[in-house]
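Undergrad: If it helps, the file is called target.cif and holds mmCIF, C-alpha atoms and all ligand atoms:
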```cif
data_start
loop_
_atom_site.label_atom_id
_atom_site.label_comp_id
_atom_site.auth_asym_id
_atom_site.auth_seq_id
_atom_site.Cartn_x
_atom_site.Cartn_y
_atom_site.Cartn_z
CA MET A 139 0.00 0.00 0.00
CA VAL A 140 1.25 3.43 -0.85
CA PHE A 141 0.82 5.96 1.91
CA ASP A 142 -1.83 8.51 1.10
CA GLY A 143 -0.92 11.32 3.45
CA THR A 144 -3.85 13.54 2.63
CA SER A 145 -6.57 10.98 3.24
CA ALA A 146 -4.81 9.64 6.32
CA LEU A 147 -4.53 13.08 7.85
CA SER A 148 -8.08 14.04 7.17
CA HIS A 149 -9.39 10.68 8.38
CA VAL A 150 -7.47 10.61 11.65
CA SER A 151 -7.77 14.33 12.24
CA SER A 152 -11.50 13.92 11.94
CA GLU A 153 -11.45 11.04 14.44
CA LEU A 154 -9.38 13.04 16.87
CA PHE A 155 -11.63 16.00 16.54
CA GLN A 156 -14.68 13.88 17.27
CA GLU A 157 -13.05 12.39 20.35
CA LYS A 158 -12.14 15.83 21.60
CA GLN A 159 -15.78 16.74 21.63
CA GLN A 160 -16.67 13.88 23.95
CA PRO A 161 -16.92 14.56 27.70
CA LEU A 162 -13.64 12.91 28.64
CA GLY A 163 -12.35 15.73 30.80
CA LEU A 164 -9.69 16.49 28.24
CA ALA A 165 -7.52 19.56 28.48
CA PRO A 166 -7.32 21.84 25.48
CA GLY A 167 -5.06 20.18 22.95
CA PHE A 168 -4.61 16.52 22.13
CA GLU A 169 -1.84 15.74 24.56
CA SER A 170 -4.39 14.55 27.08
CA LEU A 171 -5.75 11.87 24.80
CA ASN A 172 -5.79 8.45 26.34
CA PRO A 173 -3.13 6.43 24.46
CA ASN A 174 -5.57 3.54 24.44
CA SER A 175 -8.28 5.63 22.88
CA ALA A 176 -9.98 4.36 19.79
CA SER A 177 -8.76 7.24 17.67
CA LEU A 178 -5.13 6.76 18.64
CA LYS A 179 -5.35 3.03 18.02
CA LEU A 180 -6.90 3.78 14.68
CA PHE A 181 -4.07 6.14 13.90
CA PHE A 182 -1.37 3.57 14.64
CA LYS A 183 -3.29 0.95 12.72
CA LEU A 184 -3.39 3.32 9.80
CA ILE A 185 0.28 4.19 10.02
CA ASN A 186 1.31 0.58 10.48
CA SER A 187 -0.49 -0.32 7.29
CA CYS A 188 1.54 2.19 5.30
CA ASP A 189 4.76 1.29 3.52
CA CYS A 190 6.37 4.55 4.52
CA ALA A 191 6.10 3.69 8.21
CA LYS A 192 7.90 0.40 7.93
CA GLY A 193 11.58 0.49 8.67
CA LYS A 194 14.23 0.67 11.31
CA ASN A 195 12.85 3.70 13.08
CA LYS A 196 9.19 2.95 12.72
CA THR A 197 8.27 3.70 16.32
CA HIS A 198 9.86 7.12 16.23
CA TYR A 199 8.29 7.79 12.89
CA ASP A 200 4.87 6.94 14.27
CA LYS A 201 5.19 9.21 17.25
CA ARG A 202 6.51 12.11 15.24
CA TYR A 203 3.76 11.72 12.73
CA PHE A 204 1.07 11.68 15.38
CA TYR A 205 2.25 14.89 16.96
CA ASN A 206 2.72 16.63 13.66
CA LEU A 207 -0.79 15.54 12.92
CA ARG A 208 -1.93 17.28 16.07
CA GLY A 209 -0.18 20.46 14.98
CA PHE A 210 -1.85 20.10 11.60
CA HIS A 211 -5.23 19.95 13.27
CA HIS A 212 -4.68 23.16 15.20
CA ASN A 213 -2.88 25.16 12.53
CA PRO A 214 -3.52 23.73 9.10
CA GLU A 215 -1.50 26.48 7.44
CA HIS A 216 1.53 26.08 9.70
CA SER A 217 1.50 22.42 10.56
CA MET A 218 5.29 22.07 10.87
CA LYS A 219 6.26 25.59 11.95
CA ARG A 220 6.42 26.46 15.60
CA GLU A 221 8.86 29.36 15.59
CA ASP A 222 6.11 31.87 16.20
CA MET A 223 4.54 29.89 19.01
CA GLN A 224 4.53 31.23 22.52
CA ILE A 225 3.44 30.39 26.02
CA SER A 226 -0.18 31.43 26.34
CA SER A 227 -0.97 30.59 29.97
CA VAL A 228 0.29 28.88 33.11
CA ALA A 229 -1.84 27.20 35.76
CA VAL A 230 -0.65 25.97 39.15
CA TRP A 231 -2.42 23.61 41.56
CA VAL A 232 -1.25 22.52 44.99
CA VAL A 233 -2.38 18.98 45.68
CA GLU A 234 -2.09 16.81 48.75
CA VAL A 235 -2.11 13.06 48.23
CA PRO A 236 -2.33 10.66 51.21
CA GLN A 237 0.36 8.04 51.66
CA ILE A 238 -0.33 4.51 52.80
CA ALA A 239 1.51 1.79 54.74
CA PRO A 240 4.20 0.65 54.77
CA ILE A 241 5.51 4.12 53.97
CA ALA A 242 3.03 5.97 56.19
CA PRO A 243 3.44 7.25 58.78
CA TYR A 244 6.74 8.59 57.50
CA ARG A 245 9.00 9.93 60.25
CA SER A 246 12.24 11.83 59.84
CA HIS A 247 14.19 13.43 62.66
CA VAL A 248 12.38 16.68 61.85
CA ARG A 249 8.73 15.68 61.35
CA SER A 250 6.13 12.99 60.69
CA SER A 251 3.60 12.89 57.89
CA SER A 252 1.20 10.64 56.04
CA ALA A 253 0.66 12.74 52.93
CA THR A 254 2.69 14.56 50.33
CA ARG A 255 2.10 17.98 48.83
CA SER A 256 3.13 18.97 45.33
CA ALA A 257 2.60 21.92 43.06
CA ILE A 258 1.40 20.78 39.64
CA VAL A 259 2.23 23.18 36.82
CA ARG A 260 0.48 23.32 33.49
CA VAL A 261 1.90 25.42 30.65
CA ASP A 262 -0.14 25.96 27.49
CA THR A 263 1.12 27.27 24.17
CA THR A 264 -0.51 29.32 21.46
CA ASP A 265 -0.62 26.30 19.16
CA GLY A 266 -2.41 24.10 21.64
CA ILE A 267 0.35 22.04 23.25
CA THR A 268 0.11 21.47 26.99
CA GLY A 269 3.13 20.73 29.14
CA TRP A 270 2.98 19.39 32.70
CA GLY A 271 5.45 19.87 35.51
CA GLU A 272 5.70 19.41 39.26
CA HIS A 273 7.71 20.68 42.19
CA ASN A 274 7.62 19.72 45.85
CA VAL A 275 6.10 22.07 48.40
CA ASN A 276 6.06 19.83 51.46
CA PHE A 277 6.20 21.63 54.79
CA LEU A 278 6.64 25.07 53.25
CA PRO A 279 4.87 27.85 55.16
CA ASP A 280 2.59 30.23 53.30
CA ILE A 281 2.60 28.24 50.08
CA SER A 282 0.11 29.65 47.60
CA ALA A 283 -0.86 28.17 44.25
CA ARG A 284 -2.46 31.51 43.32
CA LYS A 285 0.76 33.43 43.96
CA MET A 286 2.87 30.95 42.01
CA GLN A 287 0.40 31.04 39.15
CA ALA A 288 0.35 34.83 39.04
CA GLN A 289 4.15 35.03 39.12
CA ALA A 290 4.52 32.40 36.43
CA ASN A 291 1.97 34.01 34.12
CA GLU A 292 3.47 37.46 34.53
CA TRP A 293 6.92 36.37 33.38
CA LEU A 294 6.19 33.47 31.03
CA VAL A 295 3.24 34.46 28.88
CA GLY A 296 4.43 35.57 25.46
CA ARG A 297 7.82 33.89 25.75
CA ASP A 298 9.23 31.20 23.46
CA ASP A 299 8.14 27.87 24.91
CA LEU A 300 10.98 25.87 23.38
CA ASP A 301 14.09 27.78 24.39
CA ILE A 302 14.99 26.06 27.64
CA ALA A 303 18.56 27.39 27.61
CA LEU A 304 17.25 30.94 27.52
CA PHE A 305 14.77 30.07 30.25
CA HIS A 306 17.61 28.92 32.49
CA ARG A 307 19.64 32.02 31.78
CA ASP A 308 16.86 34.51 32.44
CA CYS A 309 14.17 32.99 34.67
CA PRO A 310 13.93 34.90 37.96
CA PHE A 311 11.87 32.30 39.88
CA GLU A 312 13.17 30.51 42.96
CA SER A 313 14.32 26.98 42.16
CA ARG A 314 11.08 25.13 43.01
CA LEU A 315 8.72 27.06 40.78
CA LYS A 316 11.45 27.32 38.18
CA SER A 317 11.79 23.54 38.13
CA GLY A 318 8.05 22.95 37.90
CA VAL A 319 7.85 25.21 34.87
CA GLU A 320 11.03 23.78 33.36
CA LEU A 321 9.60 20.25 33.47
CA ALA A 322 6.54 21.51 31.61
CA LEU A 323 8.76 23.17 28.98
CA TRP A 324 10.57 19.87 28.37
CA ASP A 325 7.17 18.20 28.07
CA ILE A 326 6.14 20.77 25.46
CA ARG A 327 9.41 20.53 23.62
CA GLY A 328 9.15 16.75 23.43
CA LYS A 329 5.56 16.89 22.23
CA ALA A 330 6.45 19.45 19.58
CA ALA A 331 9.31 17.29 18.34
CA GLY A 332 7.54 13.95 18.70
CA LEU A 333 10.31 12.71 21.00
CA SER A 334 10.42 11.64 24.61
CA VAL A 335 12.40 13.85 26.98
CA ALA A 336 15.04 11.11 27.32
CA GLU A 337 15.37 11.07 23.53
CA LEU A 338 15.72 14.86 23.50
CA LEU A 339 18.45 14.54 26.10
CA GLY A 340 20.48 12.37 23.78
CA GLY A 341 19.00 8.92 23.95
CA VAL A 342 17.80 6.14 26.18
CA ILE A 343 20.58 4.26 27.95
CA ARG A 344 18.21 2.26 30.11
CA SER A 345 14.57 1.48 29.39
CA ARG A 346 13.74 0.76 33.03
CA VAL A 347 14.92 2.71 36.06
CA SER A 348 15.56 0.95 39.37
CA LEU A 349 14.10 2.47 42.51
CA ALA A 350 15.32 2.61 46.07
CA ALA A 351 12.27 2.16 48.27
CA CYS A 352 12.37 4.98 50.80
CA MET A 353 11.04 4.64 54.33
CA GLY A 354 10.98 6.74 57.49
CA ILE A 355 12.67 6.00 60.80
CA GLN A 356 11.38 2.69 62.14
CA THR A 357 11.86 0.40 65.11
CA TYR A 358 13.99 -2.75 64.92
CA GLU A 359 10.89 -4.93 64.35
CA ARG A 360 9.04 -2.68 61.92
CA ALA A 361 12.18 -1.96 59.91
CA GLY A 362 12.66 -5.70 59.49
CA GLU A 363 9.05 -6.16 58.40
CA ILE A 364 9.29 -3.39 55.82
CA ALA A 365 12.63 -4.68 54.54
CA SER A 366 11.09 -8.14 54.08
CA TRP A 367 8.18 -6.57 52.20
CA CYS A 368 10.64 -4.71 49.95
CA VAL A 369 12.42 -7.96 49.12
CA GLU A 370 9.07 -9.60 48.30
CA GLN A 371 8.23 -6.66 46.03
CA GLY A 372 11.49 -7.07 44.16
CA PHE A 373 13.28 -3.91 45.31
CA SER A 374 17.06 -4.11 45.25
CA THR A 375 17.63 -1.15 47.53
CA LEU A 376 16.17 0.37 50.70
CA LYS A 377 16.80 3.87 51.97
CA THR A 378 15.76 4.92 55.45
CA LYS A 379 15.53 8.18 57.29
CA ALA A 380 17.70 8.44 60.40
CA GLY A 381 19.13 11.06 62.73
CA ALA A 382 16.69 11.38 65.64
CA ASP A 383 18.75 9.16 67.92
CA MET A 384 21.94 7.27 67.15
CA ASP A 385 20.99 4.15 69.11
CA GLU A 386 17.67 4.08 67.26
CA ASP A 387 19.51 4.36 63.92
CA VAL A 388 21.78 1.45 64.73
CA GLU A 389 18.89 -0.75 65.91
CA MET A 390 16.91 0.04 62.76
CA VAL A 391 19.82 -0.97 60.57
CA ARG A 392 20.34 -4.10 62.65
CA GLY A 393 16.64 -4.95 62.27
CA ILE A 394 16.89 -4.71 58.50
CA ARG A 395 19.99 -6.83 58.24
CA ASP A 396 18.62 -9.43 60.67
CA ALA A 397 15.45 -9.69 58.57
CA VAL A 398 16.83 -9.77 55.04
CA GLY A 399 20.59 -10.15 55.32
CA ASP A 400 22.32 -8.67 52.30
CA ARG A 401 19.37 -9.12 49.97
CA LEU A 402 18.88 -5.34 49.98
CA LYS A 403 21.42 -2.63 49.40
CA LEU A 404 20.97 -0.28 52.32
CA ARG A 405 21.31 3.48 52.65
CA ILE A 406 20.54 5.68 55.64
CA ASP A 407 19.87 9.41 55.57
CA PRO A 408 20.18 11.39 58.82
CA ASN A 409 19.50 14.68 57.01
CA ARG A 410 22.37 16.70 58.53
CA SER A 411 21.44 15.90 62.11
CA TYR A 412 24.89 14.93 63.39
CA SER A 413 28.09 16.79 64.14
CA LEU A 414 31.24 15.54 62.48
CA VAL A 415 32.29 13.76 65.67
CA GLU A 416 28.87 12.11 66.02
CA ALA A 417 28.83 11.14 62.35
CA ILE A 418 32.21 9.46 62.70
CA GLU A 419 30.85 7.51 65.68
CA LEU A 420 27.70 6.49 63.80
CA CYS A 421 29.68 5.36 60.76
CA ARG A 422 31.90 3.21 62.95
CA ARG A 423 28.84 1.67 64.67
CA VAL A 424 27.10 0.77 61.39
CA GLU A 425 30.21 -0.28 59.49
CA GLU A 426 29.50 -3.96 60.11
CA PHE A 427 26.12 -3.67 58.34
CA ASN A 428 27.58 -3.08 54.90
CA LEU A 429 25.77 0.13 53.93
CA GLU A 430 25.84 1.14 50.30
CA TYR A 431 26.30 4.64 51.70
CA ILE A 432 25.36 7.06 54.44
CA GLU A 433 23.67 10.18 53.10
CA GLN A 434 24.45 13.65 54.42
CA PRO A 435 24.85 12.91 58.14
CA ILE A 436 26.53 16.31 58.59
CA THR A 437 25.76 19.88 57.60
CA ALA A 438 25.84 20.87 53.94
CA GLU A 439 28.88 23.05 54.49
CA PRO A 440 31.79 23.19 54.92
CA LEU A 441 32.79 20.40 52.55
CA SER A 442 36.00 20.00 54.54
CA GLU A 443 33.92 18.10 57.14
CA ALA A 444 32.73 15.68 54.47
CA VAL A 445 36.33 15.20 53.39
CA ALA A 446 37.28 14.51 57.01
CA LEU A 447 34.39 12.07 57.45
CA ARG A 448 35.49 10.14 54.41
CA ARG A 449 39.07 10.12 55.63
CA ASP A 450 38.22 8.87 59.13
CA THR A 451 35.56 6.23 58.36
CA ASN A 452 34.94 3.37 55.97
CA VAL A 453 31.24 3.88 55.19
CA PRO A 454 30.84 5.42 51.72
CA LEU A 455 29.52 8.99 51.87
CA ALA A 456 26.76 10.49 49.72
CA LEU A 457 25.90 14.19 49.71
CA ASN A 458 22.39 15.50 49.12
CA GLU A 459 21.77 18.82 50.85
CA SER A 460 25.28 19.89 49.75
CA VAL A 461 24.12 19.46 46.16
CA VAL A 462 22.39 22.61 44.96
CA GLY A 463 23.31 22.80 41.29
CA PRO A 464 26.12 21.87 38.94
CA SER A 465 28.60 24.32 40.48
CA SER A 466 28.17 22.77 43.93
CA VAL A 467 28.84 19.35 42.43
CA MET A 468 31.96 20.70 40.74
CA GLN A 469 33.17 21.79 44.17
CA ILE A 470 32.34 18.40 45.71
CA LEU A 471 34.26 16.67 42.95
CA ARG A 472 37.24 19.03 43.26
CA GLU A 473 37.50 18.44 46.99
CA GLY A 474 36.78 14.72 46.82
CA ALA A 475 34.00 15.26 49.34
CA ALA A 476 31.69 12.40 48.33
CA GLU A 477 31.47 9.06 46.61
CA PHE A 478 27.87 9.69 45.52
CA VAL A 479 25.79 12.81 44.92
CA LEU A 480 22.01 13.19 44.97
CA PRO A 481 20.52 16.09 43.01
CA ASP A 482 16.82 16.88 42.75
CA THR A 483 14.96 18.89 40.16
CA HIS A 484 13.23 21.18 42.67
CA ILE A 485 16.54 22.15 44.25
CA ALA A 486 18.71 22.30 41.11
CA GLY A 487 16.03 24.09 39.06
CA GLY A 488 14.82 21.41 36.70
CA ILE A 489 15.80 18.58 34.41
CA GLN A 490 18.67 20.32 32.65
CA PRO A 491 20.77 20.97 35.79
CA CYS A 492 20.29 17.35 36.88
CA VAL A 493 21.51 16.22 33.48
CA ILE A 494 24.55 18.47 33.74
CA ILE A 495 25.25 17.02 37.20
CA GLY A 496 24.92 13.54 35.74
CA ARG A 497 27.42 14.40 33.01
CA LEU A 498 29.86 15.85 35.55
CA CYS A 499 29.60 12.70 37.64
CA GLU A 500 30.02 10.54 34.58
CA ALA A 501 33.23 12.38 33.72
CA ALA A 502 34.43 12.08 37.33
CA GLY A 503 33.56 8.40 37.48
CA ILE A 504 31.13 8.55 40.41
CA PRO A 505 27.44 7.64 40.45
CA SER A 506 24.70 10.21 40.88
CA ILE A 507 21.29 9.26 42.24
CA MET A 508 18.08 11.18 41.69
CA HIS A 509 16.62 12.32 45.00
CA CYS A 510 12.88 12.12 45.66
CA GLY A 511 10.78 14.74 47.44
CA HIS A 512 7.81 12.38 47.81
CA ASP A 513 7.02 12.99 44.16
CA LEU A 514 3.85 12.43 42.19
CA GLY A 515 3.72 11.36 38.55
CA PRO A 516 5.09 14.36 36.62
CA LYS A 517 8.23 14.67 38.75
CA THR A 518 8.65 10.90 38.82
CA ALA A 519 8.52 11.01 35.02
CA ALA A 520 11.25 13.67 35.01
CA MET A 521 13.40 11.46 37.23
CA LEU A 522 12.87 8.52 34.86
CA HIS A 523 13.92 10.52 31.80
CA VAL A 524 17.02 11.96 33.47
CA ALA A 525 18.06 8.53 34.73
CA ALA A 526 17.32 6.98 31.34
CA ALA A 527 19.49 9.45 29.47
CA CYS A 528 22.52 9.77 31.77
CA SER A 529 24.80 6.83 32.45
CA ALA A 530 25.82 8.18 35.87
CA TYR A 531 22.32 7.48 37.26
CA SER A 532 23.15 3.79 37.24
CA LEU A 533 22.06 2.93 40.79
CA ALA A 534 18.57 2.71 42.23
CA ASN A 535 17.04 6.19 42.39
CA ASP A 536 15.09 7.36 45.42
CA SER A 537 11.33 6.92 45.28
CA THR A 538 8.35 7.01 47.60
CA TYR A 539 6.00 6.38 44.69
CA TYR A 540 5.05 2.94 46.01
CA GLY A 541 3.45 4.62 49.03
CA LEU A 542 0.99 6.91 47.27
CA GLU A 543 -2.71 6.34 47.83
CA ASN A 544 -3.14 7.39 44.22
CA ASP A 545 -1.47 9.52 41.58
CA ILE A 546 -2.84 12.37 39.51
CA LEU A 547 -1.99 10.65 36.23
CA THR A 548 -4.57 9.04 33.99
CA GLU A 549 -2.29 6.01 34.00
CA PRO A 550 -0.14 5.87 37.13
CA PHE A 551 3.28 4.29 36.80
CA ARG A 552 3.53 0.60 37.56
CA ILE A 553 6.39 -0.51 39.76
CA GLU A 554 7.49 -3.98 38.77
CA ALA A 555 10.42 -5.77 40.39
CA GLY A 556 11.49 -2.50 41.96
CA SER A 557 11.68 -0.55 38.74
CA ILE A 558 9.56 1.60 36.42
CA ALA A 559 9.60 1.58 32.63
CA VAL A 560 10.77 4.85 31.10
CA PRO A 561 7.85 6.47 29.25
CA THR A 562 8.25 6.39 25.49
CA ALA A 563 5.49 8.77 24.39
CA PRO A 564 6.53 12.32 23.40
CA GLY A 565 7.48 14.73 26.17
CA LEU A 566 7.35 13.40 29.70
CA GLY A 567 5.06 10.68 28.38
CA ILE A 568 2.30 11.24 30.91
CA ASP A 569 -1.23 12.57 31.00
CA VAL A 570 -2.67 14.34 34.03
CA ASP A 571 -6.17 13.44 35.18
CA LEU A 572 -8.00 16.71 35.78
CA GLU A 573 -10.53 15.03 38.03
CA MET A 574 -7.75 13.76 40.28
CA LEU A 575 -6.25 17.24 40.37
CA ASP A 576 -9.60 18.50 41.52
CA GLN A 577 -10.00 15.74 44.08
CA TYR A 578 -6.65 16.36 45.76
CA GLN A 579 -6.46 20.13 45.30
CA VAL A 580 -5.65 22.26 48.33
CA ASP A 581 -7.20 25.73 48.27
CA CYS A 582 -4.27 28.06 48.73
MG MG A 601 18.60 13.28 51.67
#
```
Is it possible to give me this structure as structure tokens?

TA:
Amino acid sequence: MVFDGTSALSHVSSELFQEKQQPLGLAPGFESLNPNSASLKLFFKLINSCDCAKGKNKTHYDKRYFYNLRGFHHNPEHSMKREDMQISSVAVWVVEVPQIAPIAPYRSHVRSSSATRSAIVRVDTTDGITGWGEHNVNFLPDISARKMQAQANEWLVGRDDLDIALFHRDCPFESRLKSGVELALWDIRGKAAGLSVAELLGGVIRSRVSLAACMGIQTYERAGEIASWCVEQGFSTLKTKAGADMDEDVEMVRGIRDAVGDRLKLRIDPNRSYSLVEAIELCRRVEEFNLEYIEQPITAEPLSEAVALRRDTNVPLALNESVVGPSSVMQILREGAAEFVLPDTHIAGGIQPCVIIGRLCEAAGIPSIMHCGHDLGPKTAAMLHVAAACSAYSLANDSTYYGLENDILTEPFRIEAGSIAVPTAPGLGIDVDLEMLDQYQVDC
């Protein structure tokens, strides 16, 4: 069969248009279409039947064609040209999603909680593409979705939605809001190009990303129970909070090792709660338990203390709060202050800085691990794409996703054998469920 582009476009465009009219709670634009929808299936069936779609890169061809088709629908005269397109609006929701056992109640040395709060960012463009982003707002006083939305609209509307380098150079937002918007810009850029974010970042090194199941501070018995559950679920790695009491930390680690032996890699994170002297003592007390690493037991600065801790103990050291952006990682690498670093999009300012950090670590020959701020779907998707595209994110990346009551995605990620498949659809490869946004929205 010879591909008849005109009839195919008109046929599928018509189908898509009809679906858009149905009460499916769809956002403006086609990016919210259910990938299992009849029209999308019809489209792929149509494309797969065409000679021009058959070949080495058929999958990529299909995706690109679908998204060009969407552009065609919105702007028939400019189906392939986006240079005049701009950001038309930004919306911000704050949502609070309950967490369930075994992750809840989640206790750190600072606080306890059984829910996570995120800001969900939606950026729309003048040609009808919607991008989604997320940044963490847990435990922040005076957080206001309305203020963030007003600030974002004031600066972003009318700007080029595709120039992420320019965004990073000029954007005046603090790192959280900046990162939420930046994720949405990558989502838009991917949808416009018909490529996943990982593909935009250079390619997919790994199609699945391993997760470290994260848990709060637990007793000897409960820590052992949760560790056993993690082994049953197929996780390779467990990360715990720590730092309220050193004896409690040691007993928790002992409980895990007594329950599961070395079947889990184990990390503990005291979140800066110890002095250098105390951290040296803790490291010596847990040395026998074969930790993969201890994460940021001491203050973020000065790095000379991290250097001293590494010199005086044998437990590998990871730094998290010391990692702000690429320049802080450069300093850590220069001083030899860590064997692992943990960046996060909401601290570093988005996907791009985490990729740069991954490249720095790759060049330095140390692993980087994506940190988790009790993320929902959009930020989890960002983590997956960064880890998929950068070889340095080779270890299990932090995640509390297994403990969510629900996600705000139309199709929540599935954790299988302690890992999640990297989305392959254009952009972040997710769709946000507007009804779920409404259900979990916090009025602020
Ligand atoms: Mg940490």

Undergrad: Excluding A:Glu425 and any residue of its chain fewer than 5 positions from it, enumerate the residues within 9 Å of it, using all atoms listed in the file, and give them as a PyMOL selection string.

TA: chain A and resi 420+451-453

Undergrad: I want to know what sits within 6 Å of stretch 508-517 of chain A, based on all atoms listed in the file, with residues of the same chain fewer than 2 positions away left out; could you give that as number ranges by chain?

TA: A: 271-272, 480-482, 519-520, 535-538

Undergrad: Please, which residues have at least one atom within 8 Å of an atom of ligand MG 601 (chain A), using all atoms listed in the file, listed as a list of chain:residue names?

TA: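 Those within range of ligand MG 601 (chain A) are A:Asp407, A:Pro408, A:Asn409, A:Glu433, A:Gln434, A:Leu457, A:Asn458, A:Glu459, A:Leu480, A:His509.
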
Undergrad: Given the point (1.9, 27.5, 35.7) in the file's coordinates, find the residues that have an atom at most 12 Å from it, counting all atoms listed in the file, and give them as an mmCIF file with C-alpha atoms, in the coordinates of the input.

TA:
```
data_model
loop_
_atom_site.group_PDB
_atom_site.id
_atom_site.type_symbol
_atom_site.label_atom_id
_atom_site.label_comp_id
_atom_site.auth_asym_id
_atom_site.auth_seq_id
_atom_site.Cartn_x
_atom_site.Cartn_y
_atom_site.Cartn_z
ATOM 1 C CA ILE A 225 3.440 30.390 26.020
ATOM 2 C CA SER A 226 -0.180 31.430 26.340
ATOM 3 C CA SER A 227 -0.970 30.590 29.970
ATOM 4 C CA VAL A 228 0.290 28.880 33.110
ATOM 5 C CA ALA A 229 -1.840 27.200 35.760
ATOM 6 C CA VAL A 230 -0.650 25.970 39.150
ATOM 7 C CA TRP A 231 -2.420 23.610 41.560
ATOM 8 C CA VAL A 232 -1.250 22.520 44.990
ATOM 9 C CA ALA A 257 2.600 21.920 43.060
ATOM 10 C CA ILE A 258 1.400 20.780 39.640
ATOM 11 C CA VAL A 259 2.230 23.180 36.820
ATOM 12 C CA ARG A 260 0.480 23.320 33.490
ATOM 13 C CA VAL A 261 1.900 25.420 30.650
ATOM 14 C CA ASP A 262 -0.140 25.960 27.490
ATOM 15 C CA THR A 263 1.120 27.270 24.170
ATOM 16 C CA THR A 268 0.110 21.470 26.990
ATOM 17 C CA GLY A 269 3.130 20.730 29.140
ATOM 18 C CA TRP A 270 2.980 19.390 32.700
ATOM 19 C CA GLY A 271 5.450 19.870 35.510
ATOM 20 C CA GLU A 272 5.700 19.410 39.260
ATOM 21 C CA HIS A 273 7.710 20.680 42.190
ATOM 22 C CA ALA A 283 -0.860 28.170 44.250
ATOM 23 C CA ARG A 284 -2.460 31.510 43.320
ATOM 24 C CA LYS A 285 0.760 33.430 43.960
ATOM 25 C CA MET A 286 2.870 30.950 42.010
ATOM 26 C CA GLN A 287 0.400 31.040 39.150
ATOM 27 C CA ALA A 288 0.350 34.830 39.040
ATOM 28 C CA GLN A 289 4.150 35.030 39.120
ATOM 29 C CA ALA A 290 4.520 32.400 36.430
ATOM 30 C CA ASN A 291 1.970 34.010 34.120
ATOM 31 C CA GLU A 292 3.470 37.460 34.530
ATOM 32 C CA TRP A 293 6.920 36.370 33.380
ATOM 33 C CA LEU A 294 6.190 33.470 31.030
ATOM 34 C CA VAL A 295 3.240 34.460 28.880
ATOM 35 C CA PHE A 311 11.870 32.300 39.880
ATOM 36 C CA ARG A 314 11.080 25.130 43.010
ATOM 37 C CA LEU A 315 8.720 27.060 40.780
ATOM 38 C CA LYS A 316 11.450 27.320 38.180
ATOM 39 C CA SER A 317 11.790 23.540 38.130
ATOM 40 C CA GLY A 318 8.050 22.950 37.900
ATOM 41 C CA VAL A 319 7.850 25.210 34.870
ATOM 42 C CA GLU A 320 11.030 23.780 33.360
ATOM 43 C CA LEU A 321 9.600 20.250 33.470
ATOM 44 C CA ALA A 322 6.540 21.510 31.610
ATOM 45 C CA LEU A 323 8.760 23.170 28.980
#
```

Undergrad: Do a neighbour search on A:Ser466 at 12 Å with all atoms listed in the file, toss out local chain neighbours closer than 4 positions, and write the hits as a PyMOL selection string.

TA: chain A and resi 438-441+457-462+470-473+475-476+479-481+485-486+491-492+494-495+498-499

Undergrad: Quote the spacing between atom CA of A:Asn276 and atom CA of A:Val233 in Å to one decimal place.

TA: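 These two atoms are separated by 10.3 Å.
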
Undergrad: Could you list as a PDB file with C-alpha atoms, keeping the file's coordinate frame every residue that has an atom within 10 Å of (3.6, 1.0, 55.4), using the file's coordinates and counting all atoms listed in the file?

TA:
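And here's result25.pdb as it stands now:
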```pdb
ATOM      1  CA  GLN A 237       0.360   8.040  51.660  1.00  0.00           C
ATOM      2  CA  ILE A 238      -0.330   4.510  52.800  1.00  0.00           C
ATOM      3  CA  ALA A 239       1.510   1.790  54.740  1.00  0.00           C
ATOM      4  CA  PRO A 240       4.200   0.650  54.770  1.00  0.00           C
ATOM      5  CA  ILE A 241       5.510   4.120  53.970  1.00  0.00           C
ATOM      6  CA  ALA A 242       3.030   5.970  56.190  1.00  0.00           C
ATOM      7  CA  PRO A 243       3.440   7.250  58.780  1.00  0.00           C
ATOM      8  CA  TYR A 244       6.740   8.590  57.500  1.00  0.00           C
ATOM      9  CA  SER A 252       1.200  10.640  56.040  1.00  0.00           C
ATOM     10  CA  MET A 353      11.040   4.640  54.330  1.00  0.00           C
ATOM     11  CA  GLY A 354      10.980   6.740  57.490  1.00  0.00           C
ATOM     12  CA  ARG A 360       9.040  -2.680  61.920  1.00  0.00           C
ATOM     13  CA  GLU A 363       9.050  -6.160  58.400  1.00  0.00           C
ATOM     14  CA  ILE A 364       9.290  -3.390  55.820  1.00  0.00           C
ATOM     15  CA  TRP A 367       8.180  -6.570  52.200  1.00  0.00           C
ATOM     16  CA  TYR A 540       5.050   2.940  46.010  1.00  0.00           C
ATOM     17  CA  GLY A 541       3.450   4.620  49.030  1.00  0.00           C
TER      18      GLY A 541
END
```

Undergrad: Let me make sure I understand: among A:Arg405, A:Ser256, A:Ala397, A:Leu339, which one has the smallest atom-to-atom distance to A:Ile281 if we use only C-alpha atoms?

TA: A:Ser256

Undergrad: Please, what distance in Å, to one decimal, runs between atom CA of A:Met521 and atom CA of A:Tyr412?

TA: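 Separation between atom CA of A:Met521 and atom CA of A:Tyr412: 28.8 Å.
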